[in-house]
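A.B. asks: Submitted below is the structure of interest, expressed as structure tokens.
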Amino acid sequence: MTKRFALGIFDDEDVLLHAIENIRTAGVKIHDVFTPFPVHGIDDALGIERSRLPIAAFFFGLCGTSFALWMQIYMLGFDWPMIIGGKPNISLPAFIPITFELTVLFCAFGMVITFFTITKMYPKLKVNVMDKRATDDKFVMAIELKDGETNLSNLSQLLRDNGASEVNEKEMTKN
């Protein structure tokens with residue numbers, strides 16, 4: 001399946017942020033924006049909702065804590081109880097280092113797996129790059145051109161009026 005995009009190339013991030021707001025106000029749906037470095041405030045300008053990944057991180061950490069405590073209580077209290085230095089078999093202060101480490105481990109692995117699953121970044125994924133200059137020094141705004149709905153000349157003029165240094169058209173095939 002082939003999709004067509006209008007690419008507005010911007011030289012400055014502040015101009016890009018103002019252009020995003022103006023273009024969204026004009027009723028044009030922006031497909032995506034590609035930047036060479038993180039731009040503060042771009043998520044709000046694009047209307048992207050806050051991520052729920054911190055909630056997932058909390059639950060992965062909770063699972064790690066629960067597993068660590070269960071494992072230590074089971075192993076040292078029931079499976080192989082040993083009296084070491086006169087302390088009780090189930091001694092929570094002694095469990096803190098391992099509990100902390102397993103909490104961090106579960107949280108880290110869980111977040112990586114969740115992130116790659118949500119973003120569909122699977123091994124051997126071939127990514128189509130809209131414009132290679134977006135990895136160096138340019139900011140690229142991609143707007144999908146739908147057949148019969150979008151007028152390229154009007155869109156090109158709108159992008160130029162909002163500070164785009166150049167406007168290109170590109171066809172991308174979906175993998």
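Naming scheme: A, B, ... for chains in displayed order of the structure tokens; residues 1 onward per chain; ligands 1 onward as shown.
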Env of segment 42-50 of chain A: 8 Å cut, atoms = only C-alpha atoms, seq-sep filter 4 positions within chain, self excluded. Answer as a PyMOL selection string.

C.D. replies: chain A and resi 17+20-21+24+30

A.B. asks: Just write the chosen residues, C-alpha atoms, as a PDB file, in the first residue's frame.

C.D. replies:
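The file below, selection.pdb, is the result:
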ATOM      1  CA  LEU A  17       6.262  24.727  17.066  1.00  0.00           C
ATOM      2  CA  ILE A  20       2.294  23.046  14.218  1.00  0.00           C
ATOM      3  CA  GLU A  21      -0.172  25.150  16.209  1.00  0.00           C
ATOM      4  CA  ARG A  24      -3.633  22.276  13.435  1.00  0.00           C
ATOM      5  CA  ILE A  30      -0.402  16.272  10.907  1.00  0.00           C
TER       6      ILE A  30
END

A.B. asks: As JSON, numbers by chain, please: all residues of chain A that backbone DSSP puts in helix (DSSP H, G or I).

C.D. replies: {"A": [13, 14, 15, 16, 17, 18, 19, 20, 21, 22, 23, 24, 25, 42, 43, 44, 45, 46, 53, 54, 55, 56, 57, 58, 59, 60, 61, 62, 63, 64, 65, 66, 67, 68, 69, 70, 71, 72, 73, 74, 75, 76, 77, 78, 79, 92, 93, 94, 95, 96, 97, 98, 99, 100, 101, 102, 103, 104, 105, 106, 107, 108, 109, 110, 111, 112, 113, 114, 115, 116, 117, 118, 132, 133, 134, 135, 152, 153, 154, 155, 156, 157, 158, 159, 160, 161]}

A.B. asks: Counting only C-alpha atoms, figure out which residue out of A:Met172, A:Ala26, A:Met111, A:Val104 gets nearest to Gly64 of chain A.

C.D. replies: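 Residue with the minimum atom-to-atom distance to Gly64 of chain A: A:Val104.
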
A.B. asks: Considering only C-alpha atoms, return as a VMD selection string whatever protein or nucleic-acid residues lie within 8 Å of Ser156 of chain A, sequence-local ones (same chain, fewer than 6 positions apart) excluded.

C.D. replies: chain A and resid 6 8 167

A.B. asks: Neighbours of Glu144 of chain A within 7 Å (only C-alpha atoms; same-chain residues fewer than 6 positions away dropped), as a PyMOL selection string?

C.D. replies: chain A and resi 4-6+31

A.B. asks: Kindly save the residues from that selection, with C-alpha atoms included, as a CSV table (one decimal), in the first residue's frame.

C.D. replies:
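Written output follows (result10.csv):
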chain,number,residue,atom,x,y,z
A,4,ARG,CA,1.6,10.1,-0.3
A,5,PHE,CA,3.0,12.7,2.1
A,6,ALA,CA,3.6,16.5,1.9
A,31,HIS,CA,0.8,12.7,10.4

A.B. asks: From the options A:Phe139, A:Thr99, A:Asn89, A:Leu155, which residue's atoms come nearest to Val39 of chain A, counting only C-alpha atoms?

C.D. replies: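 Looking at the shortest contact to Val39 of chain A, the residue is A:Phe139.
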
A.B. asks: Considering only C-alpha atoms, state which residue in the set A:Pro123, A:Pro38, A:Gly85, A:Pro97 is at the smallest distance from Thr65 of chain A.

C.D. replies: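 Checking each candidate against Thr65 of chain A, we get A:Pro97 as the closest.
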
A.B. asks: Could you give me, as a list in words, each residue of chain A that DSSP assigns to strand (DSSP E or B) when run on this structure's backbone?

C.D. replies: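 So the strand (DSSP E or B) residues in chain A would be Thr2, Lys3, Arg4, Phe5, Ala6, Leu7, Gly8, Ile9, Phe10, Asp32, Val33, Phe34, Phe139, Val140, Met141, Ala142, Ile143, Glu144, Leu145, Glu166, Val167, Asn168, Glu169, Lys170, Glu171, Met172 and Thr173 of chain A.
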
A.B. asks: Point out the residue among A:Phe115, A:Gly110, A:Gln72, A:Phe34 with the least atom-to-atom distance to Ala94 of chain A, counting only C-alpha atoms.

C.D. replies: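 Using only C-alpha atoms, the shortest distance to Ala94 of chain A belongs to A:Gln72.
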
A.B. asks: Could you list, as a list in words, every residue within 12 Å of Asn154 of chain A, counting only C-alpha atoms and ignoring same-chain residues fewer than 5 positions away?

C.D. replies: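 Selected residues are Ala6, Ile23, Ala26, Val28, Leu145, Glu149, Leu159, Arg160, Asp161 and Val167 of chain A.
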
A.B. asks: Residues of the last selection are to be written out with N, CA and C atoms, as a PDB file, in the first residue's frame.

C.D. replies:
ATOM      1  N   ALA A   6       3.038  15.145   2.144  1.00  0.00           N
ATOM      2  CA  ALA A   6       3.645  16.457   1.923  1.00  0.00           C
ATOM      3  C   ALA A   6       4.598  16.686   3.082  1.00  0.00           C
ATOM      4  N   ILE A  23      -1.091  25.194  11.840  1.00  0.00           N
ATOM      5  CA  ILE A  23      -1.589  24.212  10.873  1.00  0.00           C
ATOM      6  C   ILE A  23      -2.699  23.372  11.497  1.00  0.00           C
ATOM      7  N   ALA A  26      -5.764  25.377  11.487  1.00  0.00           N
ATOM      8  CA  ALA A  26      -6.353  25.449  10.147  1.00  0.00           C
ATOM      9  C   ALA A  26      -7.132  24.179   9.799  1.00  0.00           C
ATOM     10  N   VAL A  28      -5.827  21.005   9.513  1.00  0.00           N
ATOM     11  CA  VAL A  28      -5.037  19.996   8.809  1.00  0.00           C
ATOM     12  C   VAL A  28      -4.496  19.002   9.824  1.00  0.00           C
ATOM     13  N   LEU A 145      -1.352  12.973   2.361  1.00  0.00           N
ATOM     14  CA  LEU A 145      -2.199  13.478   1.272  1.00  0.00           C
ATOM     15  C   LEU A 145      -3.196  12.389   0.894  1.00  0.00           C
ATOM     16  N   GLU A 149      -9.099  14.607  -1.240  1.00  0.00           N
ATOM     17  CA  GLU A 149      -9.391  15.423  -0.062  1.00  0.00           C
ATOM     18  C   GLU A 149      -8.413  16.573   0.110  1.00  0.00           C
ATOM     19  N   LEU A 159       2.128  25.643   4.438  1.00  0.00           N
ATOM     20  CA  LEU A 159       3.401  25.301   5.081  1.00  0.00           C
ATOM     21  C   LEU A 159       4.422  26.424   4.892  1.00  0.00           C
ATOM     22  N   ARG A 160       4.505  26.969   3.694  1.00  0.00           N
ATOM     23  CA  ARG A 160       5.463  28.062   3.441  1.00  0.00           C
ATOM     24  C   ARG A 160       5.101  29.320   4.239  1.00  0.00           C
ATOM     25  N   ASP A 161       3.809  29.608   4.344  1.00  0.00           N
ATOM     26  CA  ASP A 161       3.375  30.770   5.117  1.00  0.00           C
ATOM     27  C   ASP A 161       3.721  30.630   6.600  1.00  0.00           C
ATOM     28  N   VAL A 167       9.045  22.583   0.656  1.00  0.00           N
ATOM     29  CA  VAL A 167       7.943  21.626   0.746  1.00  0.00           C
ATOM     30  C   VAL A 167       8.151  20.593  -0.349  1.00  0.00           C
TER      31      VAL A 167
END

A.B. asks: Please measure the separation of atom CA of Ala56 of chain A and atom CA of Ile98 of chain A, giving the value in Å to one decimal.

C.D. replies: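 That distance, rounded to one decimal, is 21.4 Å.
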
A.B. asks: Mind giving me the straight-line distance from atom CA of Leu152 of chain A to atom CA of His40 of chain A in Å, one decimal?

C.D. replies: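 So the two atoms, atom CA of Leu152 of chain A and atom CA of His40 of chain A, lie 29.3 Å apart.
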
A.B. asks: List as a ChimeraX atom specification the protein and nucleic acid residues near Leu76 of chain A, meaning an atom at most 12 Å away when only C-alpha atoms are counted, but skip any in the same chain fewer than 4 places from it.

C.D. replies: /A:68-72,80-84,87-92,94-95

A.B. asks: Since we have the selection now, will you write its residues out, keeping N, CA and C atoms, as a tab-separated table (two decimals), in the first residue's frame?

C.D. replies:
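Result file is result_25.tsv:
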chain	number	residue	atom	x	y	z
A	68	ALA	N	10.28	-10.98	44.65
A	68	ALA	CA	11.48	-11.04	45.49
A	68	ALA	C	11.14	-11.43	46.91
A	69	LEU	N	10.11	-10.79	47.49
A	69	LEU	CA	9.73	-11.13	48.86
A	69	LEU	C	9.21	-12.56	48.96
A	70	TRP	N	8.36	-12.96	48.02
A	70	TRP	CA	7.84	-14.33	48.04
A	70	TRP	C	8.98	-15.33	47.94
A	71	MET	N	9.90	-15.09	47.00
A	71	MET	CA	11.01	-16.03	46.77
A	71	MET	C	11.86	-16.17	48.03
A	72	GLN	N	12.22	-15.07	48.66
A	72	GLN	CA	13.09	-15.13	49.84
A	72	GLN	C	12.37	-15.73	51.05
A	80	TRP	N	14.26	-24.25	52.74
A	80	TRP	CA	15.58	-24.57	53.28
A	80	TRP	C	15.89	-23.63	54.44
A	81	PRO	N	15.17	-23.78	55.55
A	81	PRO	CA	15.41	-22.86	56.67
A	81	PRO	C	16.76	-23.12	57.33
A	82	MET	N	17.50	-22.04	57.55
A	82	MET	CA	18.79	-22.13	58.23
A	82	MET	C	18.89	-21.01	59.25
A	83	ILE	N	19.48	-21.31	60.38
A	83	ILE	CA	19.71	-20.28	61.38
A	83	ILE	C	21.10	-19.73	61.13
A	84	ILE	N	21.15	-18.45	60.73
A	84	ILE	CA	22.43	-17.80	60.41
A	84	ILE	C	22.63	-16.66	61.38
A	87	LYS	N	19.71	-14.97	63.73
A	87	LYS	CA	18.56	-14.17	63.29
A	87	LYS	C	17.44	-15.10	62.84
A	88	PRO	N	16.21	-14.59	62.82
A	88	PRO	CA	15.09	-15.44	62.41
A	88	PRO	C	15.18	-15.80	60.92
A	89	ASN	N	14.48	-16.88	60.56
A	89	ASN	CA	14.50	-17.34	59.17
A	89	ASN	C	13.91	-16.29	58.22
A	90	ILE	N	12.81	-15.69	58.61
A	90	ILE	CA	12.18	-14.67	57.77
A	90	ILE	C	12.53	-13.32	58.39
A	91	SER	N	13.56	-12.67	57.83
A	91	SER	CA	14.06	-11.40	58.36
A	91	SER	C	13.97	-10.35	57.25
A	92	LEU	N	12.94	-9.53	57.30
A	92	LEU	CA	12.71	-8.56	56.23
A	92	LEU	C	13.86	-7.57	56.02
A	94	ALA	N	16.97	-8.07	56.09
A	94	ALA	CA	17.99	-8.75	55.29
A	94	ALA	C	17.54	-8.93	53.84
A	95	PHE	N	16.24	-8.83	53.59
A	95	PHE	CA	15.70	-9.04	52.24
A	95	PHE	C	15.72	-7.77	51.38

A.B. asks: For each of A:Leu102, A:Cys107, A:Ile55, A:Leu7, take the minimum atom-to-atom distance to Ala134 of chain A, counting only C-alpha atoms, then give the residue where this is smallest.

C.D. replies: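 Using only C-alpha atoms, Ala134 of chain A sits closest to A:Leu7.
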